[in-house]
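**Q** Quick one, entry_7.cif (mmCIF, C-alpha atoms and all ligand atoms):
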data_work
#
loop_
_atom_site.group_PDB
_atom_site.id
_atom_site.type_symbol
_atom_site.label_atom_id
_atom_site.label_comp_id
_atom_site.auth_asym_id
_atom_site.auth_seq_id
_atom_site.Cartn_x
_atom_site.Cartn_y
_atom_site.Cartn_z
ATOM 1 C CA MET C 1 0.000 0.000 0.000
ATOM 2 C CA SER C 2 1.391 3.389 -0.941
ATOM 3 C CA SER C 3 1.762 5.939 1.856
ATOM 4 C CA GLN C 4 1.887 8.820 -0.616
ATOM 5 C CA LYS C 5 -0.723 11.517 -0.113
ATOM 6 C CA PRO C 6 -2.851 12.346 -3.170
ATOM 7 C CA GLU C 7 -1.397 15.287 -5.067
ATOM 8 C CA ILE C 8 -3.284 18.542 -4.450
ATOM 9 C CA LYS C 9 -4.079 20.316 -7.702
ATOM 10 C CA ARG C 10 -4.044 24.112 -7.853
ATOM 11 C CA VAL C 11 -7.254 25.897 -8.911
ATOM 12 C CA THR C 12 -6.517 27.476 -12.295
ATOM 13 C CA THR C 13 -8.081 30.300 -14.244
ATOM 14 C CA HIS C 14 -9.253 27.660 -16.760
ATOM 15 C CA GLN C 15 -11.029 25.749 -14.015
ATOM 16 C CA LEU C 16 -12.770 28.927 -12.877
ATOM 17 C CA GLN C 17 -13.957 29.450 -16.449
ATOM 18 C CA ALA C 18 -15.250 25.858 -16.534
ATOM 19 C CA MET C 19 -17.014 26.403 -13.189
ATOM 20 C CA LYS C 20 -18.876 29.350 -14.698
ATOM 21 C CA GLN C 21 -19.835 27.262 -17.727
ATOM 22 C CA ARG C 22 -21.332 24.491 -15.608
ATOM 23 C CA GLY C 23 -23.008 26.933 -13.202
ATOM 24 C CA GLU C 24 -20.839 26.017 -10.201
ATOM 25 C CA LYS C 25 -20.401 29.021 -7.904
ATOM 26 C CA ILE C 26 -16.896 30.246 -7.057
ATOM 27 C CA SER C 27 -15.952 30.992 -3.421
ATOM 28 C CA MET C 28 -13.428 33.723 -2.671
ATOM 29 C CA LEU C 29 -12.333 35.370 0.592
ATOM 30 C CA THR C 30 -9.551 37.745 1.534
ATOM 31 C CA ALA C 31 -6.571 36.758 3.676
ATOM 32 C CA TYR C 32 -3.392 38.615 4.518
ATOM 33 C CA ASP C 33 -1.338 36.226 6.650
ATOM 34 C CA TYR C 34 -0.159 32.631 6.855
ATOM 35 C CA SER C 35 -2.340 31.431 9.746
ATOM 36 C CA MET C 36 -5.677 32.598 8.361
ATOM 37 C CA ALA C 37 -4.807 31.566 4.799
ATOM 38 C CA ARG C 38 -4.104 28.062 6.147
ATOM 39 C CA LEU C 39 -7.605 27.950 7.666
ATOM 40 C CA LEU C 40 -9.277 29.142 4.449
ATOM 41 C CA GLU C 41 -7.291 26.606 2.440
ATOM 42 C CA GLY C 42 -8.253 23.826 4.851
ATOM 43 C CA ALA C 43 -11.929 24.751 4.461
ATOM 44 C CA GLY C 44 -11.620 24.452 0.673
ATOM 45 C CA ILE C 45 -11.841 28.040 -0.586
ATOM 46 C CA ASP C 46 -11.370 28.413 -4.379
ATOM 47 C CA ILE C 47 -9.663 31.833 -4.497
ATOM 48 C CA ILE C 48 -7.815 33.792 -1.809
ATOM 49 C CA LEU C 49 -7.602 37.506 -2.474
ATOM 50 C CA VAL C 50 -4.782 39.379 -0.791
ATOM 51 C CA GLY C 51 -6.797 42.572 -1.048
ATOM 52 C CA ASP C 52 -5.552 46.069 -0.470
ATOM 53 C CA SER C 53 -8.286 46.046 2.199
ATOM 54 C CA ALA C 54 -5.254 44.937 4.264
ATOM 55 C CA SER C 55 -4.709 48.686 4.522
ATOM 56 C CA ASN C 56 -7.948 48.908 6.559
ATOM 57 C CA VAL C 57 -8.204 45.604 8.405
ATOM 58 C CA MET C 58 -4.529 44.864 9.045
ATOM 59 C CA ALA C 59 -2.983 48.329 9.303
ATOM 60 C CA GLY C 60 -5.971 50.357 10.581
ATOM 61 C CA HIS C 61 -5.943 52.992 7.831
ATOM 62 C CA GLU C 62 -9.190 54.713 6.898
ATOM 63 C CA THR C 63 -8.795 53.926 3.176
ATOM 64 C CA THR C 64 -6.909 51.487 0.934
ATOM 65 C CA LEU C 65 -4.705 54.265 -0.442
ATOM 66 C CA PRO C 66 -1.719 54.209 1.958
ATOM 67 C CA ILE C 67 -0.720 50.550 1.530
ATOM 68 C CA THR C 68 2.513 50.068 -0.453
ATOM 69 C CA LEU C 69 3.643 47.467 -2.961
ATOM 70 C CA ASP C 70 6.204 46.206 -0.427
ATOM 71 C CA ASN C 71 3.428 45.802 2.171
ATOM 72 C CA MET C 72 1.304 43.847 -0.337
ATOM 73 C CA ILE C 73 4.212 41.590 -1.270
ATOM 74 C CA TYR C 74 4.852 40.854 2.415
ATOM 75 C CA HIS C 75 1.189 39.887 3.001
ATOM 76 C CA ALA C 76 1.024 37.941 -0.261
ATOM 77 C CA SER C 77 4.141 35.867 0.358
ATOM 78 C CA SER C 78 2.818 34.898 3.828
ATOM 79 C CA VAL C 79 -0.461 33.738 2.255
ATOM 80 C CA VAL C 80 1.220 31.849 -0.590
ATOM 81 C CA ARG C 81 3.274 29.800 1.901
ATOM 82 C CA ALA C 82 0.026 28.455 3.415
ATOM 83 C CA VAL C 83 -1.743 27.475 0.235
ATOM 84 C CA LYS C 84 -1.487 24.512 -2.132
ATOM 85 C CA ARG C 85 -4.915 24.443 -3.809
ATOM 86 C CA ALA C 86 -6.482 27.914 -3.843
ATOM 87 C CA LEU C 87 -5.626 30.431 -6.533
ATOM 88 C CA VAL C 88 -3.978 33.436 -4.851
ATOM 89 C CA VAL C 89 -4.789 36.847 -6.361
ATOM 90 C CA ILE C 90 -3.035 40.032 -5.211
ATOM 91 C CA ASP C 91 -4.305 43.599 -5.489
ATOM 92 C CA ILE C 92 -1.855 45.976 -7.138
ATOM 93 C CA PRO C 93 -2.170 48.863 -4.687
ATOM 94 C CA PHE C 94 -2.980 52.497 -5.446
ATOM 95 C CA GLY C 95 -0.092 54.367 -7.059
ATOM 96 C CA TYR C 96 1.633 51.354 -8.597
ATOM 97 C CA TYR C 97 -0.224 51.015 -11.917
ATOM 98 C CA GLN C 98 -2.075 54.237 -12.681
ATOM 99 C CA SER C 99 0.841 56.134 -14.313
ATOM 100 C CA ASP C 100 1.301 53.916 -17.348
ATOM 101 C CA SER C 101 1.394 50.337 -18.534
ATOM 102 C CA SER C 102 5.163 49.970 -17.931
ATOM 103 C CA GLU C 103 4.711 50.815 -14.264
ATOM 104 C CA ALA C 104 1.782 48.355 -14.098
ATOM 105 C CA LEU C 105 3.907 45.609 -15.670
ATOM 106 C CA ARG C 106 6.819 46.296 -13.298
ATOM 107 C CA SER C 107 4.486 46.090 -10.282
ATOM 108 C CA ALA C 108 2.866 42.860 -11.509
ATOM 109 C CA ILE C 109 6.268 41.276 -12.116
ATOM 110 C CA ARG C 110 7.488 42.251 -8.635
ATOM 111 C CA ILE C 111 4.356 40.734 -7.082
ATOM 112 C CA MET C 112 4.690 37.472 -9.018
ATOM 113 C CA LYS C 113 8.447 37.145 -8.492
ATOM 114 C CA GLU C 114 8.657 38.159 -4.841
ATOM 115 C CA SER C 115 5.441 36.644 -3.457
ATOM 116 C CA GLY C 116 4.864 33.560 -5.603
ATOM 117 C CA ALA C 117 1.226 34.573 -6.190
ATOM 118 C CA HIS C 118 -0.784 33.410 -9.189
ATOM 119 C CA ALA C 119 -2.596 36.520 -10.473
ATOM 120 C CA VAL C 120 -3.062 40.243 -9.881
ATOM 121 C CA LYS C 121 -6.155 42.432 -9.547
ATOM 122 C CA MET C 122 -6.606 46.050 -10.607
ATOM 123 C CA GLU C 123 -9.465 48.537 -10.281
ATOM 124 C CA GLY C 124 -10.916 50.267 -13.335
ATOM 125 C CA GLY C 125 -12.273 49.697 -16.833
ATOM 126 C CA ASN C 126 -11.240 51.212 -20.151
ATOM 127 C CA GLU C 127 -8.631 53.390 -18.414
ATOM 128 C CA ILE C 128 -6.572 50.327 -17.391
ATOM 129 C CA ARG C 129 -6.928 48.514 -20.728
ATOM 130 C CA ASP C 130 -3.314 49.133 -21.838
ATOM 131 C CA SER C 131 -1.987 47.985 -18.469
ATOM 132 C CA VAL C 132 -4.040 44.776 -18.531
ATOM 133 C CA GLU C 133 -2.797 43.969 -22.044
ATOM 134 C CA ARG C 134 0.814 44.759 -21.118
ATOM 135 C CA ILE C 135 0.705 42.589 -17.970
ATOM 136 C CA LEU C 136 -0.815 39.745 -19.977
ATOM 137 C CA THR C 137 2.121 39.865 -22.402
ATOM 138 C CA ALA C 138 4.261 38.728 -19.451
ATOM 139 C CA GLY C 139 1.904 35.807 -18.841
ATOM 140 C CA VAL C 140 0.402 37.178 -15.625
ATOM 141 C CA PRO C 141 -3.365 36.583 -15.247
ATOM 142 C CA VAL C 142 -5.375 39.710 -14.409
ATOM 143 C CA MET C 143 -8.641 40.071 -12.500
ATOM 144 C CA GLY C 144 -10.631 43.294 -13.004
ATOM 145 C CA HIS C 145 -12.625 45.231 -10.407
ATOM 146 C CA LEU C 146 -15.597 47.489 -11.274
ATOM 147 C CA GLY C 147 -18.436 49.232 -9.428
ATOM 148 C CA LEU C 148 -17.343 50.551 -6.058
ATOM 149 C CA THR C 149 -13.609 50.899 -6.491
ATOM 150 C CA PRO C 150 -12.173 51.901 -3.090
ATOM 151 C CA GLN C 151 -8.923 53.287 -4.581
ATOM 152 C CA SER C 152 -11.090 56.082 -6.128
ATOM 153 C CA ILE C 153 -12.936 56.916 -2.909
ATOM 154 C CA TYR C 154 -11.925 60.588 -3.009
ATOM 155 C CA LYS C 155 -13.307 60.927 -6.535
ATOM 156 C CA PHE C 156 -16.702 59.481 -5.518
ATOM 157 C CA GLY C 157 -16.780 60.849 -1.961
ATOM 158 C CA THR C 158 -18.845 58.003 -0.450
ATOM 159 C CA TYR C 159 -19.095 54.206 -0.277
ATOM 160 C CA VAL C 160 -22.747 54.144 -1.469
ATOM 161 C CA VAL C 161 -24.086 51.707 -4.084
ATOM 162 C CA ARG C 162 -22.675 52.467 -7.553
ATOM 163 C CA ALA C 163 -24.173 52.411 -11.055
ATOM 164 C CA ARG C 164 -27.803 53.048 -10.065
ATOM 165 C CA GLU C 165 -28.014 55.709 -12.830
ATOM 166 C CA GLU C 166 -28.430 54.525 -16.403
ATOM 167 C CA ARG C 167 -25.307 56.295 -17.670
ATOM 168 C CA GLU C 168 -23.029 54.765 -15.022
ATOM 169 C CA ALA C 169 -24.676 51.352 -15.482
ATOM 170 C CA LYS C 170 -24.010 51.502 -19.238
ATOM 171 C CA LYS C 171 -20.378 52.483 -18.659
ATOM 172 C CA LEU C 172 -19.961 49.598 -16.228
ATOM 173 C CA LEU C 173 -21.385 47.123 -18.754
ATOM 174 C CA ASP C 174 -19.095 48.536 -21.462
ATOM 175 C CA ASP C 175 -16.081 48.366 -19.112
ATOM 176 C CA ALA C 176 -16.854 44.735 -18.244
ATOM 177 C CA ARG C 177 -16.901 43.865 -21.960
ATOM 178 C CA ILE C 178 -13.611 45.729 -22.493
ATOM 179 C CA LEU C 179 -11.938 43.873 -19.605
ATOM 180 C CA GLU C 180 -13.134 40.562 -21.033
ATOM 181 C CA GLU C 181 -11.977 41.523 -24.524
ATOM 182 C CA CYS C 182 -8.508 42.556 -23.381
ATOM 183 C CA GLY C 183 -7.992 39.267 -21.556
ATOM 184 C CA CYS C 184 -8.984 39.506 -17.866
ATOM 185 C CA PHE C 185 -9.764 36.025 -16.521
ATOM 186 C CA SER C 186 -12.421 37.310 -14.099
ATOM 187 C CA ILE C 187 -14.011 40.497 -12.765
ATOM 188 C CA VAL C 188 -15.037 41.563 -9.261
ATOM 189 C CA LEU C 189 -18.209 43.672 -9.130
ATOM 190 C CA GLU C 190 -18.528 45.613 -5.889
ATOM 191 C CA LYS C 191 -21.710 47.156 -4.458
ATOM 192 C CA ILE C 192 -23.891 47.576 -7.535
ATOM 193 C CA PRO C 193 -27.584 46.686 -8.111
ATOM 194 C CA ALA C 194 -28.194 42.920 -8.364
ATOM 195 C CA ASP C 195 -30.054 43.278 -11.689
ATOM 196 C CA LEU C 196 -27.095 45.027 -13.308
ATOM 197 C CA ALA C 197 -24.599 42.520 -11.883
ATOM 198 C CA GLY C 198 -26.731 39.648 -13.235
ATOM 199 C CA LYS C 199 -26.829 41.329 -16.638
ATOM 200 C CA VAL C 200 -23.026 41.709 -16.661
ATOM 201 C CA ALA C 201 -22.509 38.064 -15.648
ATOM 202 C CA LYS C 202 -24.802 36.965 -18.478
ATOM 203 C CA SER C 203 -23.236 39.166 -21.109
ATOM 204 C CA ILE C 204 -19.594 38.141 -20.638
ATOM 205 C CA SER C 205 -18.013 34.702 -20.688
ATOM 206 C CA ILE C 206 -15.497 35.193 -17.840
ATOM 207 C CA PRO C 207 -16.499 34.588 -14.190
ATOM 208 C CA VAL C 208 -17.988 37.557 -12.334
ATOM 209 C CA ILE C 209 -17.385 37.545 -8.573
ATOM 210 C CA GLY C 210 -19.696 39.785 -6.559
ATOM 211 C CA ILE C 211 -19.469 41.623 -3.270
ATOM 212 C CA GLY C 212 -22.725 43.422 -2.534
ATOM 213 C CA ALA C 213 -23.810 42.624 -6.094
ATOM 214 C CA GLY C 214 -26.531 40.015 -5.436
ATOM 215 C CA GLY C 215 -26.734 36.330 -6.237
ATOM 216 C CA ARG C 216 -26.982 36.291 -10.040
ATOM 217 C CA VAL C 217 -23.223 36.330 -10.519
ATOM 218 C CA ASP C 218 -20.734 33.467 -10.752
ATOM 219 C CA GLY C 219 -19.225 33.666 -7.279
ATOM 220 C CA GLN C 220 -18.946 35.697 -4.087
ATOM 221 C CA VAL C 221 -16.153 37.404 -2.197
ATOM 222 C CA LEU C 222 -16.123 38.913 1.298
ATOM 223 C CA VAL C 223 -13.433 40.431 3.464
ATOM 224 C CA MET C 224 -12.600 37.681 5.954
ATOM 225 C CA GLN C 225 -12.546 39.975 9.019
ATOM 226 C CA ASP C 226 -16.071 41.158 8.132
ATOM 227 C CA MET C 227 -17.643 37.719 7.670
ATOM 228 C CA LEU C 228 -15.980 36.386 10.830
ATOM 229 C CA GLY C 229 -17.307 39.272 12.939
ATOM 230 C CA ILE C 230 -13.957 40.855 13.757
ATOM 231 C CA THR C 231 -14.782 44.264 12.197
ATOM 232 C CA LYS C 232 -18.064 44.677 14.062
ATOM 233 C CA GLU C 233 -18.577 48.356 13.353
ATOM 234 C CA PHE C 234 -18.791 47.640 9.577
ATOM 235 C CA LYS C 235 -22.405 46.634 8.891
ATOM 236 C CA PRO C 236 -23.370 46.974 5.221
ATOM 237 C CA ARG C 237 -26.593 45.276 4.110
ATOM 238 C CA PHE C 238 -24.751 42.823 1.864
ATOM 239 C CA LEU C 239 -22.633 41.375 4.667
ATOM 240 C CA ARG C 240 -23.549 38.025 6.257
ATOM 241 C CA ARG C 241 -21.675 37.281 9.471
ATOM 242 C CA TYR C 242 -20.730 33.640 9.900
ATOM 243 C CA ALA C 243 -19.121 34.001 13.333
ATOM 244 C CA ASP C 244 -18.730 36.485 16.149
ATOM 245 C CA LEU C 245 -14.974 36.361 16.653
ATOM 246 C CA ASP C 246 -15.049 39.744 18.381
ATOM 247 C CA GLN C 247 -17.000 38.149 21.246
ATOM 248 C CA ILE C 248 -15.135 34.823 21.179
ATOM 249 C CA VAL C 249 -11.678 36.444 21.218
ATOM 250 C CA THR C 250 -12.633 39.069 23.832
ATOM 251 C CA GLU C 251 -14.027 36.379 26.134
ATOM 252 C CA ALA C 252 -10.980 34.136 25.698
ATOM 253 C CA VAL C 253 -8.522 36.983 26.331
ATOM 254 C CA SER C 254 -10.479 38.218 29.378
ATOM 255 C CA HIS C 255 -10.438 34.656 30.731
ATOM 256 C CA TYR C 256 -6.660 34.426 30.177
ATOM 257 C CA ILE C 257 -6.069 37.772 31.942
ATOM 258 C CA LYS C 258 -8.189 36.601 34.891
ATOM 259 C CA ASP C 259 -6.255 33.305 35.135
ATOM 260 C CA VAL C 260 -2.876 35.089 34.960
ATOM 261 C CA LYS C 261 -3.858 37.616 37.632
ATOM 262 C CA SER C 262 -5.270 34.953 39.948
ATOM 263 C CA GLY C 263 -2.258 32.654 39.524
ATOM 264 C CA ASP C 264 -4.495 29.899 38.077
ATOM 265 C CA PHE C 265 -2.400 29.837 34.881
ATOM 266 C CA PRO C 266 -0.046 28.031 34.525
ATOM 267 C CA ASN C 267 -0.932 25.047 36.717
ATOM 268 C CA GLU C 268 1.253 22.046 37.684
ATOM 269 C CA LYS C 269 0.620 20.269 34.349
ATOM 270 C CA GLU C 270 1.450 23.371 32.331
ATOM 271 C CA GLN C 271 5.032 23.663 33.514
ATOM 272 C CA TYR C 272 8.320 21.701 33.237
HETATM 273 O O1 LIG U 301 -9.331 44.679 -1.254
HETATM 274 C C1 LIG U 301 -10.309 43.910 -1.170
HETATM 275 O O2 LIG U 301 -10.542 43.248 -0.157
HETATM 276 C C2 LIG U 301 -11.179 43.803 -2.338
HETATM 277 C C3 LIG U 301 -12.465 43.051 -2.148
HETATM 278 C C4 LIG U 301 -13.440 43.869 -1.415
HETATM 279 C C5 LIG U 301 -13.011 42.571 -3.444
HETATM 280 O O3 LIG U 301 -10.881 44.320 -3.354
#
When written as structure tokens, how does the structure in this file appear?
**A**
Amino acid sequence: MSSQKPEIKRVTTHQLQAMKQRGEKISMLTAYDYSMARLLEGAGIDIILVGDSASNVMAGHETTLPITLDNMIYHASSVVRAVKRALVVIDIPFGYYQSDSSEALRSAIRIMKESGAHAVKMEGGNEIRDSVERILTAGVPVMGHLGLTPQSIYKFGTYVVRAREEREAKKLLDDARILEECGCFSIVLEKIPADLAGKVAKSISIPVIGIGAGGRVDGQVLVMQDMLGITKEFKPRFLRRYADLDQIVTEAVSHYIKDVKSGDFPNEKEQY
């Protein structure tokens, strides 16, 4: 009898495409460190996004703008070390692709080389077309991101639902087609009406992953800290909480403090 473990096969962009074709939903969550990525991988997640939301949930910034490429590479390489099956996608952060397509290519290459990730994500439509095409020439898969694009928060001024107006909805549909045409393997749609998201998912052949975009898309993504109940103050309508880690962790830490203060921890069995 062989003692060899069965080989774990990496999720590929082709498999994601096939999942869309057979109507199998794609699961995606964010992670930014080794320990949590290991848990997501163990649970069987399809895609791990090392989002620039790390700027908010890991570093405590108000927006995603301050995080650097070096920061993202650090988070990404920690995640990659934990993962054998999930596809790992990394956000190119604000300021590292907007100048021109050469800068975008340089950033994508640094991410791939220094973190070992499998794909990059960028926000925007027609305006990032050249960068997407340039990055693809180096063989790096690109995921798009339309709708609420947090890197442009100061242009929009608020985090309200996007593309409710006909003109913005039409531009979003056009942008989705452009991103498909120029070679993106998938698109994230954030906080837009469910009807529009469903229409986009139907009109393009690449998988559409929604966050606050309803159920008629090809998969869902959430920020892990939000769905686990760590970021309790963040309560958008689209968010479903699957755990209350705020309460669980606070209770455990309070219990530990009590045991340390009382001398109950460590006991005889917990020492050498
Ligand atoms: O940075 C991030 O976490 C994201 C998701 C919200 C899609 O881009």
**Q** Could you build a table of the residues in chain C lying no more than 7 Å from ligand LIG 301 (chain U), giving for each the nearest pair of atoms and their separation in Å rounded to one decimal place, using only C-alpha atoms and all ligand atoms, ordered by chain and ascending residue number, as JSON lines?
**A**
{"residue": "C:Thr30", "atom": "CA", "partner": "U:LIG301", "partner_atom": "O2", "distance": 5.8}
{"residue": "C:Leu49", "atom": "CA", "partner": "U:LIG301", "partner_atom": "O2", "distance": 6.9}
{"residue": "C:Val50", "atom": "CA", "partner": "U:LIG301", "partner_atom": "O2", "distance": 7.0}
{"residue": "C:Gly51", "atom": "CA", "partner": "U:LIG301", "partner_atom": "O1", "distance": 3.3}
{"residue": "C:Asp52", "atom": "CA", "partner": "U:LIG301", "partner_atom": "O1", "distance": 4.1}
{"residue": "C:Ser53", "atom": "CA", "partner": "U:LIG301", "partner_atom": "O1", "distance": 3.9}
{"residue": "C:Ala54", "atom": "CA", "partner": "U:LIG301", "partner_atom": "O1", "distance": 6.9}
{"residue": "C:Asp91", "atom": "CA", "partner": "U:LIG301", "partner_atom": "O1", "distance": 6.7}
{"residue": "C:Val188", "atom": "CA", "partner": "U:LIG301", "partner_atom": "C5", "distance": 6.2}
{"residue": "C:Glu190", "atom": "CA", "partner": "U:LIG301", "partner_atom": "C5", "distance": 6.8}
{"residue": "C:Ile211", "atom": "CA", "partner": "U:LIG301", "partner_atom": "C5", "distance": 6.5}
{"residue": "C:Val221", "atom": "CA", "partner": "U:LIG301", "partner_atom": "C5", "distance": 6.2}
{"residue": "C:Leu222", "atom": "CA", "partner": "U:LIG301", "partner_atom": "C4", "distance": 6.3}
{"residue": "C:Val223", "atom": "CA", "partner": "U:LIG301", "partner_atom": "O2", "distance": 5.4}
**Q** Taking 2 positions as the minimum chain separation for residues in the same chain, which residues sit within 10 Å of Val200 in chain C when counting all atoms listed in the file? Answer as a list of chain:residue names.
**A** C:Ala169, C:Leu172, C:Leu173, C:Asp174, C:Asp175, C:Ala176, C:Arg177, C:Ile187, C:Leu189, C:Ala194, C:Asp195, C:Leu196, C:Ala197, C:Gly198, C:Lys202, C:Ser203, C:Ile204, C:Ser205, C:Pro207, C:Val208, C:Arg216, C:Val217
**Q** Once the PyMOL selection byres (((chain C and resi 97-112) around 7) and not hetatm) is applied to the coordinates I shared, what remains selected? I want it as number ranges by chain.
**A** C: 73, 95-96, 113-118, 120, 130-131, 134-135
**Q** Compare C:Val11, C:Ile153, C:Ile206, C:Ile192 by their minimum atom-to-atom distance to Thr63 in chain C, counting only C-alpha atoms, and give me the closest one.
**A** C:Ile153
**Q** Could you write out as a count of residues only the residues that the PyMOL selection byres (((chain C and resi 152) around 12) and not hetatm) matches in the shown file?
**A** 24
**Q** Have a look at CA of Ile90 in chain C and CA of Val249 in chain C and let me know their distance in Å, one decimal.
**A**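 Interatomic distance here is 28.0 Å.
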**Q** Measuring between only C-alpha atoms, which one of C:Ala213, C:Ile128, C:Val140, C:Ile92 shows the shortest distance to Arg162 in chain C?
**A**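 Answer, going by the shortest atom-to-atom distance: C:Ala213.
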**Q** What does the distance between CA of Thr231 in chain C and CA of Ala31 in chain C come to in Å, to one decimal place?
**A** 14.0 Å
**Q** Have a look at CA of Ala59 in chain C and CA of Gln220 in chain C and let me know their distance in Å, one decimal.
**A**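 Rounded to one decimal, the two atoms are 24.4 Å apart.
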**Q** Mind telling me what the PyMOL selection byres (((chain C and resi 13-21) around 7) and not hetatm) catches here, as a ChimeraX atom specification?
**A** /C:11-12,22-25,185,206-207,218
**Q** Within 9 Å of range 34-37 of chain C, counting only C-alpha atoms, which residues show up once you throw out same-chain ones fewer than 6 positions away? Write them as a list of chain:residue names, please.
**A**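 Counting only C-alpha atoms, the residues come to C:Ile48, C:His75, C:Ala76, C:Ser77, C:Ser78, C:Val79, C:Val80, C:Arg81, C:Ala82, C:Val83, C:Met224.
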**Q** Of the residues C:Val89, C:Met58, C:Ala243, C:Val132, which is the one nearest to Asp33 in chain C, using all atoms listed in the file?
**A** C:Met58
**Q** Provide an axis-aligned box for all listed atoms of range 65-84 of chain C, padding each side by 4 Å; report its centre and its edge lengths in Å to one decimal, as lines of an AutoDock Vina configuration file.
**A**
center_x = 0.7
center_y = 39.4
center_z = 0.4
size_x = 18.9
size_y = 37.8
size_z = 14.8
**Q** Model the absent atoms of range 250-256 of chain C so that all heavy atoms are present, and write the result as a compact mmCIF listing (two decimals), in the frame of the given file.
**A**
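Listing of out_30.txt after writing:
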# COMPACT_ATOMS: atom_id res chain seq x y z
N THR C 250 -12.60 38.22 22.63
CA THR C 250 -12.63 39.07 23.83
C THR C 250 -12.85 38.21 25.08
O THR C 250 -12.17 38.40 26.10
CB THR C 250 -13.74 40.14 23.70
OG1 THR C 250 -13.52 40.87 22.50
CG2 THR C 250 -13.71 41.11 24.87
N GLU C 251 -13.78 37.25 24.97
CA GLU C 251 -14.03 36.38 26.13
C GLU C 251 -12.80 35.54 26.48
O GLU C 251 -12.43 35.40 27.64
CB GLU C 251 -15.23 35.46 25.85
CG GLU C 251 -16.54 36.17 26.10
CD GLU C 251 -17.77 35.34 25.74
OE1 GLU C 251 -17.62 34.11 25.51
OE2 GLU C 251 -18.84 35.93 25.69
N ALA C 252 -12.15 34.98 25.46
CA ALA C 252 -10.98 34.14 25.70
C ALA C 252 -9.85 34.95 26.33
O ALA C 252 -9.20 34.50 27.29
CB ALA C 252 -10.52 33.51 24.38
N VAL C 253 -9.62 36.15 25.81
CA VAL C 253 -8.52 36.98 26.33
C VAL C 253 -8.84 37.45 27.75
O VAL C 253 -7.96 37.44 28.63
CB VAL C 253 -8.23 38.18 25.38
CG1 VAL C 253 -7.21 39.13 25.98
CG2 VAL C 253 -7.73 37.66 24.03
N SER C 254 -10.09 37.80 28.01
CA SER C 254 -10.48 38.22 29.38
C SER C 254 -10.25 37.06 30.35
O SER C 254 -9.77 37.27 31.47
CB SER C 254 -11.95 38.62 29.44
OG SER C 254 -12.22 39.60 28.50
N HIS C 255 -10.61 35.85 29.89
CA HIS C 255 -10.44 34.66 30.73
C HIS C 255 -8.95 34.43 31.05
O HIS C 255 -8.56 34.17 32.19
CB HIS C 255 -11.02 33.46 29.96
CG HIS C 255 -11.24 32.25 30.81
ND1 HIS C 255 -11.97 31.18 30.39
CD2 HIS C 255 -10.80 31.92 32.05
CE1 HIS C 255 -11.98 30.26 31.34
NE2 HIS C 255 -11.26 30.69 32.35
N TYR C 256 -8.12 34.57 30.02
CA TYR C 256 -6.66 34.43 30.18
C TYR C 256 -6.12 35.45 31.19
O TYR C 256 -5.37 35.11 32.10
CB TYR C 256 -5.99 34.60 28.81
CG TYR C 256 -4.50 34.79 28.86
CD1 TYR C 256 -3.64 33.73 29.11
CD2 TYR C 256 -3.94 36.06 28.67
CE1 TYR C 256 -2.27 33.91 29.17
CE2 TYR C 256 -2.58 36.26 28.72
CZ TYR C 256 -1.73 35.18 28.98
OH TYR C 256 -0.38 35.37 29.04
